[in-house]
Amino acid sequence: MDLATIMGLITGTGLIIGAMMIEAAGGQASLTEFWNPSSMMIVLGGTLAATAVGFRLKEVVRVFSLIKFVLQKPKYILPDLVKELIESAEINRKGPNELEQHISNVKTAFIQDGLEFISQGIKYEDLGSILTQREKSRYKRESHESDLMKTLGTFAPAFGMVGTLIGLVFMLFNMGGSGGIESIGPSMGVALITTFYGAVLANLIFNPFAEKLQARNKENSDAHQLMIHGLLMIWKKQHPFEVKDMLISYIPHEERKEFLDTNE
Amino acid sequence: MDLATIMGLITGTGLIIGAMMIEAAGGQASLTEFWNPSSMMIVLGGTLAATAVGFRLKEVVRVFSLIKFVLQKPKYILPDLVKELIESAEINRKGPNELEQHISNVKTAFIQDGLEFISQGIKYEDLGSILTQREKSRYKRESHESDLMKTLGTFAPAFGMVGTLIGLVFMLFNMGGSGGIESIGPSMGVALITTFYGAVLANLIFNPFAEKLQARNKENSDAHQLMIHGLLMIWKKQHPFEVKDMLISYIPHEERKEFLDTNE
Amino acid sequence: MDLATIMGLITGTGLIIGAMMIEAAGGQASLTEFWNPSSMMIVLGGTLAATAVGFRLKEVVRVFSLIKFVLQKPKYILPDLVKELIESAEINRKGPNELEQHISNVKTAFIQDGLEFISQGIKYEDLGSILTQREKSRYKRESHESDLMKTLGTFAPAFGMVGTLIGLVFMLFNMGGSGGIESIGPSMGVALITTFYGAVLANLIFNPFAEKLQARNKENSDAHQLMIHGLLMIWKKQHPFEVKDMLISYIPHEERKEFLDTNE
Amino acid sequence: MDLATIMGLITGTGLIIGAMMIEAAGGQASLTEFWNPSSMMIVLGGTLAATAVGFRLKEVVRVFSLIKFVLQKPKYILPDLVKELIESAEINRKGPNELEQHISNVKTAFIQDGLEFISQGIKYEDLGSILTQREKSRYKRESHESDLMKTLGTFAPAFGMVGTLIGLVFMLFNMGGSGGIESIGPSMGVALITTFYGAVLANLIFNPFAEKLQARNKENSDAHQLMIHGLLMIWKKQHPFEVKDMLISYIPHEERKEFLDTNE
Amino acid sequence: MDLATIMGLITGTGLIIGAMMIEAAGGQASLTEFWNPSSMMIVLGGTLAATAVGFRLKEVVRVFSLIKFVLQKPKYILPDLVKELIESAEINRKGPNELEQHISNVKTAFIQDGLEFISQGIKYEDLGSILTQREKSRYKRESHESDLMKTLGTFAPAFGMVGTLIGLVFMLFNMGGSGGIESIGPSMGVALITTFYGAVLANLIFNPFAEKLQARNKENSDAHQLMIHGLLMIWKKQHPFEVKDMLISYIPHEERKEFLDTNE
C-alpha cells in the first residue's frame, strides 16, 4: 500500500471537514447543509460525462481500477532489477542450457520475455527494436491514462462553475419577484457549493492522482530503459562487472552507494 | 457507433437540464427563461465567426462532418492489422504473382497501396519515405482539425464573456435612469446566460470533441507506424514469425496476450 | 481574397452589434454610449505601445501589411507545385540547355532559384543546405510575425483590465463624496467598456489573425519542404514517375485522388 | 537607441495618465490619489523580493543593466556579418600570413576569435565544437536573463493581488465597526490601486521587456549560427562565391535582394 | 549561504507585514486578526496533503531538506572545474601511476569517479555512456524535486480558494437568519484570509523556490556536461591546451576573460 497517497487523502479530507466544523460552530448554519446531492451530481456527473465524450467507454470505466493502481506500491525497484540482470548475465555466460533453466526463476516478466528471446537466438537489432517498441506501447497507454485523469481535473472546476451559474441565474430571476432580497444569501450559498465541489474534486483527487500516474509512468519508463540496456548487454555476453558498472548508473546517487555496500 | 461519446453527451445534457429543473421547482422562474436565442446567437455565432477568421471556409464547414467522425468507431484495430500483415508476408514469400492476386483481398487501403508499390518493384528507401511522408501529411491534416475544435473551445467562453459584458454594461447604464434597482436581478441573470452557454458549449462539446479528435489522431498514427514497419518487413521478405514477433510489440500488453491465444 | 476571414469578421461584428441593439431596444441607454473613444484609445493604444516595447518599430508598422496578408489567398497550391516539379524533372533529363530555357517559364520563384542553382552545376549537398537554410530563415521570420499578433492578443485584454481598473478606482473614490451612490451604475458601465473592447479586439481580431498567420506559415513550410524534396530529385535526374510517386505523398489523401484523376 | 521601445514606453505611460486625467476631470477625486507609495512598495518590492528568492543576487542587480540593454540597437546586422565573412574567406585563400594581418581589422569579436583559431591551425572538428559550445553558453545565459524578466512579469500581478487582498480584508474588518459603510468606496479604491500597479508593471514593462530580450536572444543565435557556418567554410578554404551563396540564405528574403543589389 | 534567497524572503515578508501595519494604523482592526491558525491549517495542510497524494511520502518529507538546499551556495563553480580537469589532463599524460596517485587529491566526486574509471582502463564508449547515464539519473531526480515544489505552488492558491469558499458559503447561509447583514464584512474578511495565505505561500515561497531548484538543476547539468566532455578528452590524452580551449567555451563570456587573465 502506498501510505502517502492514503494519508494525503485522509488528512486533506479531514482538514476540510475540520475547517467546516469550526465555521459551523460560530453560526446557525449546520454542517449538513454542505452536503448537496444534486450539486454533487452535476459536478461529478458532468465531469464524467464530458470525459466520456472525449475518451472511450472502457477507458472511463478503467478510472476506478486506476484509483486502485494509484494506491499500490511502485511496480519496479531499480536495485532489484539490477541484481536480477547481473545474475542473468552471469548465468548466460555459462551456456544456453543454464540460461533456459534460469528463465523460469526470473520474477520480472519483462526480463523473462527478453531472456526468452535471447535463448531463442534472436538477432541483436531485433531484440532492441522489439523491446523498445513494447516499452513505447506501454508508455503511450499509461500516458493516455494519466491524460484521462488530467482531463477529469480540468472538467471538474468547469462543471462546478456551470452549476454555480445555473444557481446564480435562477436566484437573480427570482429576485425580480416578491420577497426576493432576503433569500439571496442562502441561494447564493447553495449556488457556490458546486464551485466548492469542483475545486475539491480537482485539487484533492483528480489533479494529484494525475500527477501520481504521470510520476509512476516515468518511473516505469526508467525501469524499462534499464532492463532493455541490461538485456542487450546480456545478449552481447558482456562481463557481469561491466553490466554492474553500467546499470548502477541508472540508480540515483544515494541509493547507488547503499546498493554497492550491500552487494560487494 | 461510439457509445461513450453519445452516452456522455446525453447524460451531460440530462444532468444540466435536471439541475435546472430542480432549481426551477423551488422558485417562480421557469425553465424556459433559460432558453435565450439571441444569447445563443452571440456565443455560437461569435465563436464560429472568430474561428472562420483563423481558418479556411471549407475547414469550418468540415466541422459538421468532424462531429460525425467523432461518433464513429475507431478506423483501425491493431490486432486485425497485424493479422493482415502476417498473412501478406506469408503470401509475398510464395512469389510476386501470388502477391498481386492477394492485393485486391486486402481490406485496409494503406496496406493495399504499400503492397501495390512492393509488387511494382519499388526501392526499399523509396517505399519507406513515400509511406512515411503520406502518414506525415495525414497526421498534419488531422492535427489541424483537432486544432480547429480546440479553437472553438477557446473562443466559446470568450464570446460568452463578451455577451455578458454587453448585458452588464446596458444594465448598469439603465440603473442610472428611473426605477432602476428592482430590475437588476433579472437583467443580470439574462446577462449571465451567455457565460453559461459559453461554458457548456466549451466543456461539454468543443473541448471533449477536440480531445477525442486528438486521441483518434494518435491512434491512427500508431496504426500507420505499425503498417509501415510491417510493409518494410514484407519488402525484405522476412519470415512471418519475425513479422509477428515484431508487430505484436505495437499492441498493448493485455491485448497482446489475447491476440496470441486466439492466433496460435 | 480569402472569403472565410472577411465573412468571419463581418458576421462576428454584426452579431455583436446586433446583440447590442436588442439590449438597447429594451432600455433607456442608447447604442451610441457604447462608443467611447478614450476607452478605445487606452486599449488599442496601450496594446500597440506594449507591443512596440517588445518588438521593433518596423515590425509593428508591418502589422498593417500583415492584415492585408491575412486576407489573401494561400500562396502555394500543392498540386500545382507537384505539376511544375514533374515538368521540370522531365525537361532536366533532356539536357542542360533545355533546362536553362525552361527556367524563365517557371512561375514559382523558389523553384526557379533552385533550378538556376542546378543549371549552374551546384553540388548536391550545397543545394540541400542552401534551400533548407532559406526555408529556415523564412519560417523564423513568419513565426516572428505571428508571435507579434499573438502578443497583441495577449496585451489587449490586459489593457482592457487596466482601463477598467482606472475607471473603477475613480468611481470608488467619488463614492465617498456627496451624491455618490446613484452614479455607480453608469460609471461602472463606462469602466467595463474597456474590458469589453479588450475582449473583442483579442477574440475577434488579434487571436484569430495570429492563428491564421500560424496556419499560413505551416502551409508555406509544407510547400517548401515539397519543393526542396522535388528539386533534390531533379538534381539526381530521377525518373518523373518516381518524382510523382514521391511528391504526391505530400498532398492530403482526398486531393491526391483528385490530382491523379486529372493528371493521368 | 532603439526607438520603438522608448516610444512604446512613453506613449503607453502617456495613454494611461491621459485616461486618468479624463476620469479625474469628471469627478471630485484628483489624479494625485493614484500615487500611493506604500502600494508601489508592496508590488514592486514584493516582486523583486520573490524574484531574488528564485535567482541569484547578482542576477537581480543585473536587471537594471538589462533595461539598458533592451534600449540598445541590435548587436549584429546579418548582411554586415556576411560581408565580413566573404572578405575573410577571400583573404584566407591568399595565405596564412595575409589572414593573420587581417584579423586585427575584423570588427566582430566572435569572427575574430574564430579566425584566430584558424590561423593557429586548429582541427576542423575542434573549431566546430568550440564555437558551437560558446554559442550554447551565450544562449543559455541570455535565456536565463529573459526568464528573470518573465518571472518579474509573473510575480507583479500576484503581488498586486496580495496588496489588494490586504486592503480588502482590513476594509471588511472595519465595516463591522461604527460608521462603516460610507468609507467602503474609497477604501476599496485604495485596495484596487495595487492590482492596477501590478497590471501596469507587468504589461507595460516586464512582459514586453521579457519578449524583447527573448527576440534579441533569438537574433543573436541566428547571427552566431551564420558566423559559425561561415568560419567553417573559411577553414575549408571554400570559394568566396560559395560562401556568399550559402550565407545569404540566412538573410530574410527581402533584405537578400537588397544585399545582392548593393554587393554585385 | 545564498544571500539573495534569504534577503528576498526577509524583505518580502517585511514588505507584506509593513503594508498590513500601515493599513491597521488607519482603522480599528488590529494586525493580530490577520493571524488565523485554522486558515493556515487548511491552506498549508491541504496543499501538503494534495501533494502527498501525488508524490511519495519520503519525497514530501524531503521538502524540508530541499529548503535547506535552496539556501546553499551553488555546488559547482565552472572555472574551478575547468582548472581541476586541465590539471588532471596534464597528470594523466605523465603516466597511469601518476594519475592513480592524483585521484585522491581531486575534490569533485564526479571527476574523481571518472578518473577512477580511466585508471581502471575502461573503454571510451563505456566511459561516455556510464557518465551520461549517471548525469541523466541525477537530472531526473532533481527535476522531480523541483516539480514537487511547483506542485506545492499550484495547490496553495487552490486550497486558499477552497478555504474562502467554505467561509463564504457559511456566511451566506447565516445571512438568511436574524441579524445577518451587519456581520457580512468581518465574516467575508475572515473568508478572504485563506486566499491571502494561499497567494503569499505560492508567490513568496513555493514558486520562487521551484524556480531556484530548476535553475540549480540546469547549472548542475551544465557542470556535468563540462566534466563529461573533459573526462572524455582526458581519456583520449589530448593536450592540456586543447582541453583548456574546449572547456572554457562552457564558461560564459565575461567570466571566460577573467579566467584566462588569472590562469595565463
# chains A, B, ... in the order shown; residues from 1 in each chain; ligands from 1
call {"tool": "residues_around", "arguments": {"residues": "Lys107 (chain A)", "least_positions_apart": "3", "cutoff": "12 Å", "atoms": "only C-alpha atoms", "output": "PyMOL selection string"}}
result
chain A and resi 75-76+80-81+83-85+88+102-104+110-113+115
call {"tool": "write_last_selection", "arguments": {"atoms": "all heavy atoms", "output": "short mmCIF file (atom, residue, chain, number, x, y, z; two decimals), in the first residue's frame"}}
result
data_model
loop_
_atom_site.label_atom_id
_atom_site.label_comp_id
_atom_site.auth_asym_id
_atom_site.auth_seq_id
_atom_site.Cartn_x
_atom_site.Cartn_y
_atom_site.Cartn_z
N LYS A 75 5.86 -0.60 -9.03
CA LYS A 75 5.98 -1.95 -9.59
C LYS A 75 7.43 -2.44 -9.62
O LYS A 75 7.69 -3.61 -9.39
CB LYS A 75 5.43 -1.91 -11.02
CG LYS A 75 5.00 -3.25 -11.56
CD LYS A 75 4.28 -3.06 -12.88
CE LYS A 75 4.27 -4.33 -13.70
NZ LYS A 75 3.83 -4.07 -15.08
N TYR A 76 8.35 -1.53 -9.90
CA TYR A 76 9.74 -1.94 -10.06
C TYR A 76 10.61 -1.25 -9.01
O TYR A 76 10.43 -0.07 -8.73
CB TYR A 76 10.26 -1.54 -11.44
CG TYR A 76 9.55 -2.21 -12.57
CD1 TYR A 76 8.78 -1.45 -13.46
CD2 TYR A 76 9.63 -3.57 -12.76
CE1 TYR A 76 8.12 -2.06 -14.51
CE2 TYR A 76 8.96 -4.19 -13.81
CZ TYR A 76 8.22 -3.43 -14.68
OH TYR A 76 7.56 -4.04 -15.72
N ASP A 80 16.76 -3.96 -7.33
CA ASP A 80 16.38 -5.36 -7.51
C ASP A 80 16.51 -5.78 -8.97
O ASP A 80 16.96 -6.90 -9.26
CB ASP A 80 14.93 -5.59 -7.05
CG ASP A 80 14.80 -5.43 -5.54
OD1 ASP A 80 15.85 -5.19 -4.89
OD2 ASP A 80 13.68 -5.53 -5.02
N LEU A 81 16.11 -4.87 -9.89
CA LEU A 81 16.23 -5.18 -11.31
C LEU A 81 17.69 -5.37 -11.69
O LEU A 81 18.05 -6.29 -12.43
CB LEU A 81 15.63 -4.05 -12.17
CG LEU A 81 14.13 -3.84 -12.04
CD1 LEU A 81 13.70 -2.67 -12.91
CD2 LEU A 81 13.35 -5.09 -12.44
N LYS A 83 20.16 -6.31 -9.78
CA LYS A 83 20.62 -7.59 -9.24
C LYS A 83 20.18 -8.74 -10.15
O LYS A 83 20.99 -9.60 -10.50
CB LYS A 83 20.04 -7.79 -7.84
CG LYS A 83 21.13 -7.84 -6.76
CD LYS A 83 20.55 -8.08 -5.39
CE LYS A 83 19.97 -6.80 -4.81
NZ LYS A 83 19.33 -7.01 -3.49
N GLU A 84 18.92 -8.73 -10.53
CA GLU A 84 18.38 -9.79 -11.37
C GLU A 84 19.09 -9.86 -12.72
O GLU A 84 19.37 -10.95 -13.23
CB GLU A 84 16.88 -9.53 -11.59
CG GLU A 84 16.06 -10.79 -11.75
CD GLU A 84 14.57 -10.50 -11.50
OE1 GLU A 84 14.09 -9.42 -11.92
OE2 GLU A 84 13.90 -11.33 -10.91
N LEU A 85 19.43 -8.67 -13.27
CA LEU A 85 20.09 -8.64 -14.58
C LEU A 85 21.54 -9.10 -14.48
O LEU A 85 22.03 -9.81 -15.36
CB LEU A 85 20.01 -7.22 -15.17
CG LEU A 85 18.62 -6.85 -15.69
CD1 LEU A 85 18.47 -5.35 -15.84
CD2 LEU A 85 18.33 -7.54 -17.02
N SER A 88 21.48 -12.83 -14.25
CA SER A 88 21.19 -13.43 -15.56
C SER A 88 22.39 -13.34 -16.48
O SER A 88 22.66 -14.26 -17.26
CB SER A 88 20.00 -12.72 -16.21
OG SER A 88 18.88 -12.78 -15.37
N HIS A 102 17.22 -21.09 -16.11
CA HIS A 102 17.14 -19.94 -15.21
C HIS A 102 15.87 -19.10 -15.45
O HIS A 102 15.33 -18.50 -14.52
CB HIS A 102 18.39 -19.08 -15.41
CG HIS A 102 18.38 -17.77 -14.67
ND1 HIS A 102 18.34 -17.69 -13.30
CD2 HIS A 102 18.35 -16.48 -15.12
CE1 HIS A 102 18.30 -16.42 -12.94
NE2 HIS A 102 18.31 -15.67 -14.03
N ILE A 103 15.41 -19.05 -16.72
CA ILE A 103 14.32 -18.14 -17.09
C ILE A 103 13.11 -18.24 -16.18
O ILE A 103 12.56 -17.23 -15.73
CB ILE A 103 13.90 -18.37 -18.56
CG1 ILE A 103 15.03 -17.88 -19.50
CG2 ILE A 103 12.61 -17.64 -18.90
CD1 ILE A 103 14.81 -18.18 -20.96
N SER A 104 12.72 -19.45 -15.84
CA SER A 104 11.51 -19.62 -15.03
C SER A 104 11.68 -19.06 -13.61
O SER A 104 10.71 -18.78 -12.92
CB SER A 104 11.11 -21.09 -14.97
OG SER A 104 12.20 -21.82 -14.46
N PHE A 110 9.12 -8.72 -17.85
CA PHE A 110 9.78 -8.10 -18.99
C PHE A 110 11.17 -8.71 -19.20
O PHE A 110 11.58 -8.98 -20.33
CB PHE A 110 9.87 -6.59 -18.77
CG PHE A 110 10.26 -5.81 -19.99
CD1 PHE A 110 9.31 -5.48 -20.94
CD2 PHE A 110 11.57 -5.39 -20.20
CE1 PHE A 110 9.67 -4.74 -22.07
CE2 PHE A 110 11.93 -4.67 -21.31
CZ PHE A 110 10.97 -4.34 -22.26
N ILE A 111 11.91 -8.94 -18.08
CA ILE A 111 13.24 -9.56 -18.19
C ILE A 111 13.09 -11.00 -18.69
O ILE A 111 13.85 -11.46 -19.56
CB ILE A 111 13.98 -9.54 -16.83
CG1 ILE A 111 14.17 -8.09 -16.37
CG2 ILE A 111 15.32 -10.25 -16.92
CD1 ILE A 111 14.91 -7.95 -15.05
N GLN A 112 12.08 -11.69 -18.17
CA GLN A 112 11.80 -13.06 -18.59
C GLN A 112 11.60 -13.14 -20.11
O GLN A 112 12.23 -13.95 -20.79
CB GLN A 112 10.53 -13.54 -17.89
CG GLN A 112 10.60 -14.95 -17.40
CD GLN A 112 9.37 -15.29 -16.56
OE1 GLN A 112 8.32 -14.65 -16.68
NE2 GLN A 112 9.49 -16.29 -15.72
N ASP A 113 10.74 -12.27 -20.62
CA ASP A 113 10.48 -12.24 -22.06
C ASP A 113 11.76 -11.99 -22.84
O ASP A 113 12.02 -12.62 -23.87
CB ASP A 113 9.47 -11.12 -22.40
CG ASP A 113 8.06 -11.51 -21.99
OD1 ASP A 113 7.89 -12.54 -21.31
OD2 ASP A 113 7.12 -10.78 -22.35
N LEU A 115 14.90 -12.58 -21.92
CA LEU A 115 15.80 -13.74 -21.87
C LEU A 115 15.28 -14.85 -22.78
O LEU A 115 16.06 -15.54 -23.43
CB LEU A 115 15.91 -14.24 -20.42
CG LEU A 115 16.62 -13.28 -19.45
CD1 LEU A 115 16.59 -13.84 -18.03
CD2 LEU A 115 18.07 -13.03 -19.87
#
call {"tool": "interface_residues", "arguments": {"of": "chain B", "to": "chain A", "cutoff": "7 Å", "atoms": "only C-alpha atoms", "output": "ChimeraX atom specification"}}
result
/B:3-6,8-9,11-12,15-16,19-20,23,27-29,182-183,185-186,188-189,192,196,199-200,203-204,208-209,211-212,246,249-252
call {"tool": "write_last_selection", "arguments": {"atoms": "C-alpha atoms", "output": "PDB file, in the first residue's frame"}}
result
ATOM      1  CA  LEU B   3     -21.251   4.583 -27.368  1.00  0.00           C
ATOM      2  CA  ALA B   4     -19.208   6.552 -24.825  1.00  0.00           C
ATOM      3  CA  THR B   5     -19.412   9.784 -26.801  1.00  0.00           C
ATOM      4  CA  ILE B   6     -23.168   9.596 -27.321  1.00  0.00           C
ATOM      5  CA  GLY B   8     -21.592  11.256 -22.461  1.00  0.00           C
ATOM      6  CA  LEU B   9     -23.428  13.884 -24.490  1.00  0.00           C
ATOM      7  CA  THR B  11     -26.080  12.200 -19.696  1.00  0.00           C
ATOM      8  CA  GLY B  12     -24.181  15.518 -19.601  1.00  0.00           C
ATOM      9  CA  LEU B  15     -27.670  16.331 -15.761  1.00  0.00           C
ATOM     10  CA  ILE B  16     -27.586  20.037 -16.608  1.00  0.00           C
ATOM     11  CA  ALA B  19     -30.206  20.542 -12.204  1.00  0.00           C
ATOM     12  CA  MET B  20     -32.133  23.402 -13.819  1.00  0.00           C
ATOM     13  CA  GLU B  23     -33.722  24.880  -9.282  1.00  0.00           C
ATOM     14  CA  GLY B  27     -38.759  29.412  -7.331  1.00  0.00           C
ATOM     15  CA  GLN B  28     -41.017  31.452  -9.588  1.00  0.00           C
ATOM     16  CA  ALA B  29     -38.664  31.489 -12.575  1.00  0.00           C
ATOM     17  CA  GLU B 182     -35.547  46.398  -8.995  1.00  0.00           C
ATOM     18  CA  SER B 183     -34.687  45.191 -12.454  1.00  0.00           C
ATOM     19  CA  GLY B 185     -31.607  40.863 -10.695  1.00  0.00           C
ATOM     20  CA  PRO B 186     -33.341  39.594 -13.826  1.00  0.00           C
ATOM     21  CA  MET B 188     -28.014  40.328 -14.599  1.00  0.00           C
ATOM     22  CA  GLY B 189     -29.497  36.852 -14.851  1.00  0.00           C
ATOM     23  CA  LEU B 192     -25.022  35.652 -17.215  1.00  0.00           C
ATOM     24  CA  PHE B 196     -23.376  29.794 -19.107  1.00  0.00           C
ATOM     25  CA  ALA B 199     -19.086  27.318 -20.538  1.00  0.00           C
ATOM     26  CA  VAL B 200     -21.418  24.467 -21.557  1.00  0.00           C
ATOM     27  CA  ASN B 203     -16.830  21.958 -21.705  1.00  0.00           C
ATOM     28  CA  LEU B 204     -19.473  19.543 -22.910  1.00  0.00           C
ATOM     29  CA  PRO B 208     -14.163  16.898 -25.288  1.00  0.00           C
ATOM     30  CA  PHE B 209     -14.528  16.668 -29.074  1.00  0.00           C
ATOM     31  CA  GLU B 211      -9.679  15.656 -27.068  1.00  0.00           C
ATOM     32  CA  LYS B 212     -11.414  12.847 -28.956  1.00  0.00           C
ATOM     33  CA  MET B 246       7.967  -7.533 -34.080  1.00  0.00           C
ATOM     34  CA  SER B 249       5.035  -5.325 -29.706  1.00  0.00           C
ATOM     35  CA  TYR B 250       2.858  -2.460 -31.015  1.00  0.00           C
ATOM     36  CA  ILE B 251      -0.192  -3.962 -29.289  1.00  0.00           C
ATOM     37  CA  PRO B 252      -0.731  -3.034 -25.626  1.00  0.00           C
TER      38      PRO B 252
END
call {"tool": "atom_distance", "arguments": {"atom1": "CA of Ser65 (chain C)", "atom2": "CA of Arg256 (chain D)"}}
result
19.7 Å
call {"tool": "residues_around", "arguments": {"residues": "region 90-92 of chain C", "least_positions_apart": "4", "cutoff": "8 Å", "atoms": "only C-alpha atoms", "output": "ChimeraX atom specification"}}
result
/C:86,96,98-99,102,234,237,239-240
call {"tool": "atom_distance", "arguments": {"atom1": "CA of Glu87 (chain C)", "atom2": "CA of Phe259 (chain C)"}}
result
14.8 Å
call {"tool": "atom_distance", "arguments": {"atom1": "CA of Lys123 (chain D)", "atom2": "CA of Lys218 (chain D)"}}
result
28.5 Å
call {"tool": "select_by_dssp", "arguments": {"residues": "region 20-91 of chain E", "states": "alpha helix (DSSP H)", "output": "PyMOL selection string"}}
result
chain E and resi 20-25+37-40+46-54+57-71+78-91
